>>> print(open('entry.csv').read())   # CSV, N, CA and C atoms
chain,number,residue,atom,x,y,z
A,1,MET,N,1.6,-20.6,-5.6
A,1,MET,CA,0.8,-19.4,-5.3
A,1,MET,C,1.4,-18.7,-4.0
A,2,GLU,N,1.7,-19.6,-3.1
A,2,GLU,CA,2.2,-19.0,-1.8
A,2,GLU,C,3.5,-18.3,-2.0
A,3,ALA,N,4.4,-18.7,-2.9
A,3,ALA,CA,5.7,-18.0,-3.1
A,3,ALA,C,5.4,-16.7,-3.7
A,4,ALA,N,4.4,-16.6,-4.6
A,4,ALA,CA,4.0,-15.3,-5.2
A,4,ALA,C,3.5,-14.3,-4.2
A,5,THR,N,2.7,-14.8,-3.3
A,5,THR,CA,2.1,-13.9,-2.3
A,5,THR,C,3.2,-13.5,-1.3
A,6,ASN,N,4.1,-14.4,-1.0
A,6,ASN,CA,5.3,-14.0,-0.1
A,6,ASN,C,6.1,-12.9,-0.8
A,7,ASP,N,6.3,-13.1,-2.1
A,7,ASP,CA,7.1,-12.1,-2.9
A,7,ASP,C,6.4,-10.7,-2.9
A,8,THR,N,5.1,-10.7,-3.0
A,8,THR,CA,4.3,-9.5,-3.0
A,8,THR,C,4.4,-8.8,-1.6
A,9,LYS,N,4.2,-9.6,-0.6
A,9,LYS,CA,4.3,-9.1,0.8
A,9,LYS,C,5.7,-8.4,1.0
A,10,THR,N,6.8,-9.1,0.6
A,10,THR,CA,8.1,-8.6,0.7
A,10,THR,C,8.3,-7.3,0.0
A,11,LEU,N,7.8,-7.2,-1.3
A,11,LEU,CA,8.0,-6.0,-2.1
A,11,LEU,C,7.2,-4.9,-1.5
A,12,VAL,N,5.9,-5.2,-1.0
A,12,VAL,CA,5.1,-4.1,-0.4
A,12,VAL,C,5.8,-3.6,0.8
A,13,ARG,N,6.3,-4.4,1.7
A,13,ARG,CA,7.0,-4.0,2.9
A,13,ARG,C,8.2,-3.1,2.5
A,14,SER,N,9.0,-3.5,1.5
A,14,SER,CA,10.1,-2.8,1.1
A,14,SER,C,9.8,-1.4,0.6
A,15,LEU,N,8.7,-1.3,-0.2
A,15,LEU,CA,8.2,0.0,-0.7
A,15,LEU,C,7.7,0.9,0.5
A,16,LEU,N,7.0,0.3,1.4
A,16,LEU,CA,6.5,1.0,2.5
A,16,LEU,C,7.7,1.6,3.4
A,17,ASN,N,8.7,0.8,3.6
A,17,ASN,CA,9.9,1.2,4.3
A,17,ASN,C,10.6,2.3,3.6
A,18,LYS,N,10.6,2.3,2.3
A,18,LYS,CA,11.2,3.4,1.5
A,18,LYS,C,10.3,4.6,1.7
A,19,LEU,N,9.0,4.5,1.7
A,19,LEU,CA,8.1,5.6,2.0
A,19,LEU,C,8.5,6.3,3.3
A,20,VAL,N,8.8,5.5,4.3
A,20,VAL,CA,9.1,6.0,5.7
A,20,VAL,C,10.4,6.8,5.5
A,21,GLU,N,11.4,6.3,4.7
A,21,GLU,CA,12.6,7.0,4.5
A,21,GLU,C,12.5,8.4,3.9
A,22,VAL,N,11.6,8.5,2.9
A,22,VAL,CA,11.5,9.7,2.1
A,22,VAL,C,10.5,10.7,2.7
A,23,GLY,N,9.5,10.2,3.5
A,23,GLY,CA,8.5,11.0,4.1
A,23,GLY,C,8.9,11.6,5.4
A,24,LYS,N,8.0,12.4,6.0
A,24,LYS,CA,8.3,13.0,7.3
A,24,LYS,C,7.4,12.4,8.4
A,25,ASN,N,7.9,11.7,9.4
A,25,ASN,CA,7.1,11.1,10.5
A,25,ASN,C,6.0,10.2,10.0
A,26,ILE,N,6.4,9.4,8.9
A,26,ILE,CA,5.4,8.5,8.4
A,26,ILE,C,5.6,7.1,9.0
A,27,THR,N,4.5,6.5,9.4
A,27,THR,CA,4.4,5.1,9.8
A,27,THR,C,3.3,4.4,9.0
A,28,TRP,N,3.3,3.1,9.2
A,28,TRP,CA,2.3,2.3,8.4
A,28,TRP,C,2.0,1.0,9.2
A,29,ARG,N,0.9,0.4,8.8
A,29,ARG,CA,0.6,-1.0,9.3
A,29,ARG,C,-0.3,-1.6,8.2
A,30,ILE,N,-0.3,-2.9,8.2
A,30,ILE,CA,-1.1,-3.7,7.3
A,30,ILE,C,-2.0,-4.6,8.1
A,31,ASN,N,-3.3,-4.5,7.7
A,31,ASN,CA,-4.3,-5.4,8.3
A,31,ASN,C,-4.9,-6.4,7.3
A,32,ASN,N,-5.2,-7.6,7.7
A,32,ASN,CA,-5.8,-8.5,6.9
A,32,ASN,C,-7.3,-8.3,7.0
A,33,THR,N,-8.0,-7.8,6.0
A,33,THR,CA,-9.4,-7.5,6.2
A,33,THR,C,-10.3,-8.6,5.7
A,34,TYR,N,-9.8,-9.5,4.9
A,34,TYR,CA,-10.7,-10.6,4.4
A,34,TYR,C,-9.8,-11.7,3.8
A,35,SER,N,-10.2,-12.9,4.1
A,35,SER,CA,-9.5,-14.1,3.5
A,35,SER,C,-10.5,-15.2,3.5
A,36,ASN,N,-10.6,-15.9,2.3
A,36,ASN,CA,-11.5,-17.1,2.3
A,36,ASN,C,-10.6,-18.3,2.5
A,37,GLY,N,-9.3,-18.2,2.7
A,37,GLY,CA,-8.4,-19.3,2.9
A,37,GLY,C,-8.0,-20.0,1.6
A,38,LEU,N,-8.5,-19.6,0.5
A,38,LEU,CA,-8.1,-20.2,-0.7
A,38,LEU,C,-7.3,-19.3,-1.7
A,39,ASP,N,-8.0,-18.4,-2.3
A,39,ASP,CA,-7.4,-17.6,-3.3
A,39,ASP,C,-7.9,-16.1,-3.3
A,40,ASN,N,-8.4,-15.7,-2.2
A,40,ASN,CA,-8.9,-14.3,-2.1
A,40,ASN,C,-8.6,-13.7,-0.7
A,41,THR,N,-7.5,-12.9,-0.7
A,41,THR,CA,-7.0,-12.3,0.5
A,41,THR,C,-7.0,-10.8,0.2
A,42,VAL,N,-7.7,-10.0,1.0
A,42,VAL,CA,-7.7,-8.6,0.9
A,42,VAL,C,-6.9,-8.0,2.1
A,43,LEU,N,-5.9,-7.2,1.8
A,43,LEU,CA,-5.1,-6.6,2.8
A,43,LEU,C,-5.3,-5.1,2.7
A,44,GLU,N,-5.3,-4.4,3.9
A,44,GLU,CA,-5.4,-3.0,3.9
A,44,GLU,C,-4.2,-2.3,4.5
A,45,ILE,N,-3.6,-1.4,3.8
A,45,ILE,CA,-2.4,-0.7,4.3
A,45,ILE,C,-3.0,0.6,4.8
A,46,GLN,N,-2.6,0.9,6.1
A,46,GLN,CA,-2.9,2.2,6.6
A,46,GLN,C,-1.6,3.0,6.8
A,47,ILE,N,-1.6,4.3,6.3
A,47,ILE,CA,-0.5,5.1,6.4
A,47,ILE,C,-0.8,6.3,7.3
A,48,PHE,N,0.2,6.6,8.2
A,48,PHE,CA,0.0,7.7,9.1
A,48,PHE,C,1.1,8.7,9.0
A,49,GLU,N,0.8,9.9,9.2
A,49,GLU,CA,1.8,11.0,9.3
A,49,GLU,C,1.6,11.7,10.6
A,50,ASN,N,2.6,11.8,11.4
A,50,ASN,CA,2.4,12.4,12.7
A,50,ASN,C,1.2,11.8,13.5
A,51,LYS,N,1.1,10.5,13.4
A,51,LYS,CA,0.1,9.7,14.1
A,51,LYS,C,-1.3,9.9,13.6
A,52,MET,N,-1.5,10.7,12.5
A,52,MET,CA,-2.8,10.9,11.9
A,52,MET,C,-2.9,10.1,10.6
A,53,GLN,N,-4.0,9.4,10.4
A,53,GLN,CA,-4.1,8.6,9.1
A,53,GLN,C,-4.2,9.6,7.9
A,54,THR,N,-3.3,9.3,7.0
A,54,THR,CA,-3.3,10.1,5.7
A,54,THR,C,-3.5,9.3,4.5
A,55,GLY,N,-3.6,7.9,4.7
A,55,GLY,CA,-3.8,7.1,3.5
A,55,GLY,C,-4.3,5.7,3.9
A,56,ARG,N,-5.1,5.1,3.0
A,56,ARG,CA,-5.6,3.8,3.2
A,56,ARG,C,-5.7,3.1,1.8
A,57,ILE,N,-5.1,2.0,1.7
A,57,ILE,CA,-5.0,1.3,0.4
A,57,ILE,C,-5.5,-0.2,0.6
A,58,ALA,N,-6.5,-0.6,-0.1
A,58,ALA,CA,-7.0,-2.0,0.0
A,58,ALA,C,-6.6,-2.7,-1.3
A,59,PHE,N,-6.0,-3.8,-1.2
A,59,PHE,CA,-5.6,-4.6,-2.4
A,59,PHE,C,-5.7,-6.1,-2.2
A,60,GLN,N,-5.8,-6.8,-3.3
A,60,GLN,CA,-5.9,-8.2,-3.3
A,60,GLN,C,-4.4,-8.8,-3.3
A,61,LEU,N,-4.1,-9.6,-2.3
A,61,LEU,CA,-2.7,-10.1,-2.2
A,61,LEU,C,-2.3,-11.0,-3.4
A,62,GLU,N,-3.2,-11.8,-3.8
A,62,GLU,CA,-2.8,-12.8,-4.8
A,62,GLU,C,-2.4,-12.2,-6.2
A,63,ASP,N,-3.1,-11.2,-6.6
A,63,ASP,CA,-2.8,-10.6,-7.9
A,63,ASP,C,-2.3,-9.1,-7.8
A,64,GLY,N,-2.3,-8.5,-6.6
A,64,GLY,CA,-1.8,-7.2,-6.5
A,64,GLY,C,-2.7,-6.1,-6.9
A,65,HIS,N,-3.9,-6.4,-7.3
A,65,HIS,CA,-4.9,-5.5,-7.8
A,65,HIS,C,-5.4,-4.6,-6.6
A,66,VAL,N,-5.3,-3.3,-6.8
A,66,VAL,CA,-5.8,-2.3,-5.8
A,66,VAL,C,-7.3,-2.2,-6.0
A,67,ILE,N,-8.0,-2.4,-4.9
A,67,ILE,CA,-9.5,-2.4,-4.9
A,67,ILE,C,-10.0,-0.9,-4.7
A,68,ASN,N,-9.4,-0.2,-3.8
A,68,ASN,CA,-9.7,1.1,-3.5
A,68,ASN,C,-8.6,1.8,-2.7
A,69,TYR,N,-8.5,3.1,-2.8
A,69,TYR,CA,-7.5,3.8,-2.0
A,69,TYR,C,-7.8,5.3,-1.9
A,70,ARG,N,-7.1,5.9,-0.9
A,70,ARG,CA,-7.0,7.3,-0.8
A,70,ARG,C,-5.7,7.6,-0.2
A,71,TYR,N,-5.1,8.7,-0.7
A,71,TYR,CA,-3.8,9.1,-0.1
A,71,TYR,C,-3.7,10.6,-0.3
A,72,LYS,N,-3.9,11.4,0.8
A,72,LYS,CA,-3.8,12.8,0.8
A,72,LYS,C,-4.6,13.3,-0.4
A,73,ASP,N,-4.0,14.2,-1.3
A,73,ASP,CA,-4.8,14.7,-2.4
A,73,ASP,C,-4.3,14.0,-3.7
A,74,LEU,N,-3.7,12.8,-3.6
A,74,LEU,CA,-3.3,12.1,-4.8
A,74,LEU,C,-4.5,11.7,-5.7
A,75,GLU,N,-4.4,12.1,-7.0
A,75,GLU,CA,-5.5,11.8,-7.9
A,75,GLU,C,-5.7,10.3,-8.0
A,76,LYS,N,-7.0,10.0,-8.0
A,76,LYS,CA,-7.4,8.6,-8.0
A,76,LYS,C,-7.4,8.1,-9.4
A,77,ARG,N,-6.8,6.9,-9.6
A,77,ARG,CA,-6.9,6.2,-10.9
A,77,ARG,C,-7.0,4.7,-10.6
A,78,ILE,N,-8.0,4.1,-11.1
A,78,ILE,CA,-8.2,2.6,-11.0
A,78,ILE,C,-8.5,2.1,-12.4
A,79,PRO,N,-8.1,1.0,-12.8
A,79,PRO,CA,-7.4,0.0,-12.1
A,79,PRO,C,-5.9,0.3,-12.0
A,80,ILE,N,-5.3,-0.2,-10.9
A,80,ILE,CA,-3.9,0.0,-10.6
A,80,ILE,C,-3.4,-1.2,-9.8
A,81,GLN,N,-2.1,-1.5,-10.0
A,81,GLN,CA,-1.5,-2.5,-9.2
A,81,GLN,C,-0.8,-1.9,-7.9
A,82,ILE,N,-0.7,-2.7,-6.9
A,82,ILE,CA,-0.2,-2.2,-5.6
A,82,ILE,C,1.2,-1.7,-5.7
A,83,MET,N,2.1,-2.3,-6.5
A,83,MET,CA,3.4,-1.7,-6.7
A,83,MET,C,3.4,-0.4,-7.3
A,84,ASP,N,2.6,-0.2,-8.4
A,84,ASP,CA,2.5,1.1,-9.0
A,84,ASP,C,1.9,2.2,-8.0
A,85,MET,N,0.9,1.7,-7.2
A,85,MET,CA,0.3,2.6,-6.3
A,85,MET,C,1.3,3.1,-5.2
A,86,LEU,N,2.1,2.2,-4.7
A,86,LEU,CA,3.1,2.6,-3.7
A,86,LEU,C,4.2,3.5,-4.3
A,87,LEU,N,4.6,3.2,-5.6
A,87,LEU,CA,5.6,4.1,-6.2
A,87,LEU,C,5.0,5.5,-6.4
A,88,ASP,N,3.7,5.6,-6.7
A,88,ASP,CA,3.0,6.9,-6.9
A,88,ASP,C,3.0,7.6,-5.5
A,89,VAL,N,2.8,6.9,-4.5
A,89,VAL,CA,2.8,7.5,-3.1
A,89,VAL,C,4.2,8.0,-2.8
A,90,ILE,N,5.2,7.2,-3.0
A,90,ILE,CA,6.6,7.6,-2.8
A,90,ILE,C,6.9,8.9,-3.6
A,91,GLY,N,6.5,8.8,-4.9
A,91,GLY,CA,6.8,10.0,-5.8
A,91,GLY,C,6.1,11.2,-5.3
A,92,TYR,N,4.9,11.1,-4.8
A,92,TYR,CA,4.1,12.2,-4.2
A,92,TYR,C,4.9,12.8,-3.0
A,93,GLU,N,5.4,11.9,-2.2
A,93,GLU,CA,6.1,12.5,-1.0
A,93,GLU,C,7.4,13.1,-1.4
A,94,LEU,N,8.1,12.6,-2.4
A,94,LEU,CA,9.3,13.2,-2.9
A,94,LEU,C,9.1,14.6,-3.4
A,95,ASP,N,7.9,14.7,-4.1
A,95,ASP,CA,7.6,16.0,-4.7
A,95,ASP,C,7.2,17.0,-3.6
A,96,GLN,N,6.8,16.6,-2.5
A,96,GLN,CA,6.4,17.5,-1.4
A,96,GLN,C,7.6,18.0,-0.6
A,97,ASN,N,8.7,17.3,-0.7
A,97,ASN,CA,9.9,17.7,0.1
A,97,ASN,C,10.7,18.8,-0.7
>>> encode(input="entry.csv", output="structure tokens")
Amino acid sequence: MEAATNDTKTLVRSLLNKLVEVGKNITWRINNTYSNGLDNTVLEIQIFENKMQTGRIAFQLEDGHVINYRYKDLEKRIPIQIMDMLLDVIGYELDQN
């Protein structure tokens, strides 16, 4: 299980770094909002543009399930996996340029 969560973390970071490349003045950070130490870890991604928060994505690390999110005026659709969510965000930014 630990190898899968490490793979998820690596992929999430890679996609967030890609978002930084395609966006304008975008930064991000990941917070651990909950963990029971066994099989339930919720991480929150905060996305900023020009130092103002423009997005927030909460997801379960173990299975990649997005719990809730908002990103600018991106249309909400749940259920969604974190990889699909981040690809949607990158696509949104590419459409804005």
>>> closest_residue(input="entry.csv", among="A:Asn25, A:Asn6, A:Asn68, A:Asn31", to="Met52 of chain A", atoms="only C-alpha atoms")
A:Asn25
>>> residues_around(input="entry.csv", residues="Gln60 of chain A", least_positions_apart="2", cutoff="8 Å", atoms="all atoms listed in the file", output="list of chain:residue names")
A:Asn40, A:Thr41, A:Val42, A:Leu43, A:Glu44, A:Ile57, A:Ala58, A:Glu62, A:Asp63, A:Gly64, A:His65, A:Val66, A:Ile67, A:Asn68, A:Ile82
>>> write_last_selection(input="entry.csv", atoms="N, CA and C atoms", output="JSON list (two decimals), keeping the file's coordinate frame")
[["chain", "number", "residue", "atom", "x", "y", "z"],
["A", 40, "ASN", "N", -8.40, -15.70, -2.20],
["A", 40, "ASN", "CA", -8.90, -14.30, -2.10],
["A", 40, "ASN", "C", -8.60, -13.70, -0.70],
["A", 41, "THR", "N", -7.50, -12.90, -0.70],
["A", 41, "THR", "CA", -7.00, -12.30, 0.50],
["A", 41, "THR", "C", -7.00, -10.80, 0.20],
["A", 42, "VAL", "N", -7.70, -10.00, 1.00],
["A", 42, "VAL", "CA", -7.70, -8.60, 0.90],
["A", 42, "VAL", "C", -6.90, -8.00, 2.10],
["A", 43, "LEU", "N", -5.90, -7.20, 1.80],
["A", 43, "LEU", "CA", -5.10, -6.60, 2.80],
["A", 43, "LEU", "C", -5.30, -5.10, 2.70],
["A", 44, "GLU", "N", -5.30, -4.40, 3.90],
["A", 44, "GLU", "CA", -5.40, -3.00, 3.90],
["A", 44, "GLU", "C", -4.20, -2.30, 4.50],
["A", 57, "ILE", "N", -5.10, 2.00, 1.70],
["A", 57, "ILE", "CA", -5.00, 1.30, 0.40],
["A", 57, "ILE", "C", -5.50, -0.20, 0.60],
["A", 58, "ALA", "N", -6.50, -0.60, -0.10],
["A", 58, "ALA", "CA", -7.00, -2.00, 0.00],
["A", 58, "ALA", "C", -6.60, -2.70, -1.30],
["A", 62, "GLU", "N", -3.20, -11.80, -3.80],
["A", 62, "GLU", "CA", -2.80, -12.80, -4.80],
["A", 62, "GLU", "C", -2.40, -12.20, -6.20],
["A", 63, "ASP", "N", -3.10, -11.20, -6.60],
["A", 63, "ASP", "CA", -2.80, -10.60, -7.90],
["A", 63, "ASP", "C", -2.30, -9.10, -7.80],
["A", 64, "GLY", "N", -2.30, -8.50, -6.60],
["A", 64, "GLY", "CA", -1.80, -7.20, -6.50],
["A", 64, "GLY", "C", -2.70, -6.10, -6.90],
["A", 65, "HIS", "N", -3.90, -6.40, -7.30],
["A", 65, "HIS", "CA", -4.90, -5.50, -7.80],
["A", 65, "HIS", "C", -5.40, -4.60, -6.60],
["A", 66, "VAL", "N", -5.30, -3.30, -6.80],
["A", 66, "VAL", "CA", -5.80, -2.30, -5.80],
["A", 66, "VAL", "C", -7.30, -2.20, -6.00],
["A", 67, "ILE", "N", -8.00, -2.40, -4.90],
["A", 67, "ILE", "CA", -9.50, -2.40, -4.90],
["A", 67, "ILE", "C", -10.00, -0.90, -4.70],
["A", 68, "ASN", "N", -9.40, -0.20, -3.80],
["A", 68, "ASN", "CA", -9.70, 1.10, -3.50],
["A", 68, "ASN", "C", -8.60, 1.80, -2.70],
["A", 82, "ILE", "N", -0.70, -2.70, -6.90],
["A", 82, "ILE", "CA", -0.20, -2.20, -5.60],
["A", 82, "ILE", "C", 1.20, -1.70, -5.70]]
>>> atom_distance(input="entry.csv", atom1="atom CA of Leu61 of chain A", atom2="atom CA of Asp84 of chain A")
14.1 Å
>>> residues_near_point(input="entry.csv", point="(9.6, 8.7, 1.5)", cutoff="6 Å", atoms="all atoms listed in the file", output="PyMOL selection string")
chain A and resi 18-23+90+93-94
>>> atom_distance(input="entry.csv", atom1="atom CA of Phe48 of chain A", atom2="atom N of Arg29 of chain A")
7.4 Å
>>> select_by_dssp(input="entry.csv", residues="chain A", states="strand (DSSP E)", output="ChimeraX atom specification")
/A:26-35,41-49,52-60,66-71
>>> atom_distance(input="entry.csv", atom1="atom CA of Thr54 of chain A", atom2="atom C of Tyr71 of chain A")
6.0 Å
>>> select_by_dssp(input="entry.csv", residues="segment 12-93 of chain A", states="alpha helix (DSSP H)", output="PyMOL selection string")
chain A and resi 12-22+82-93
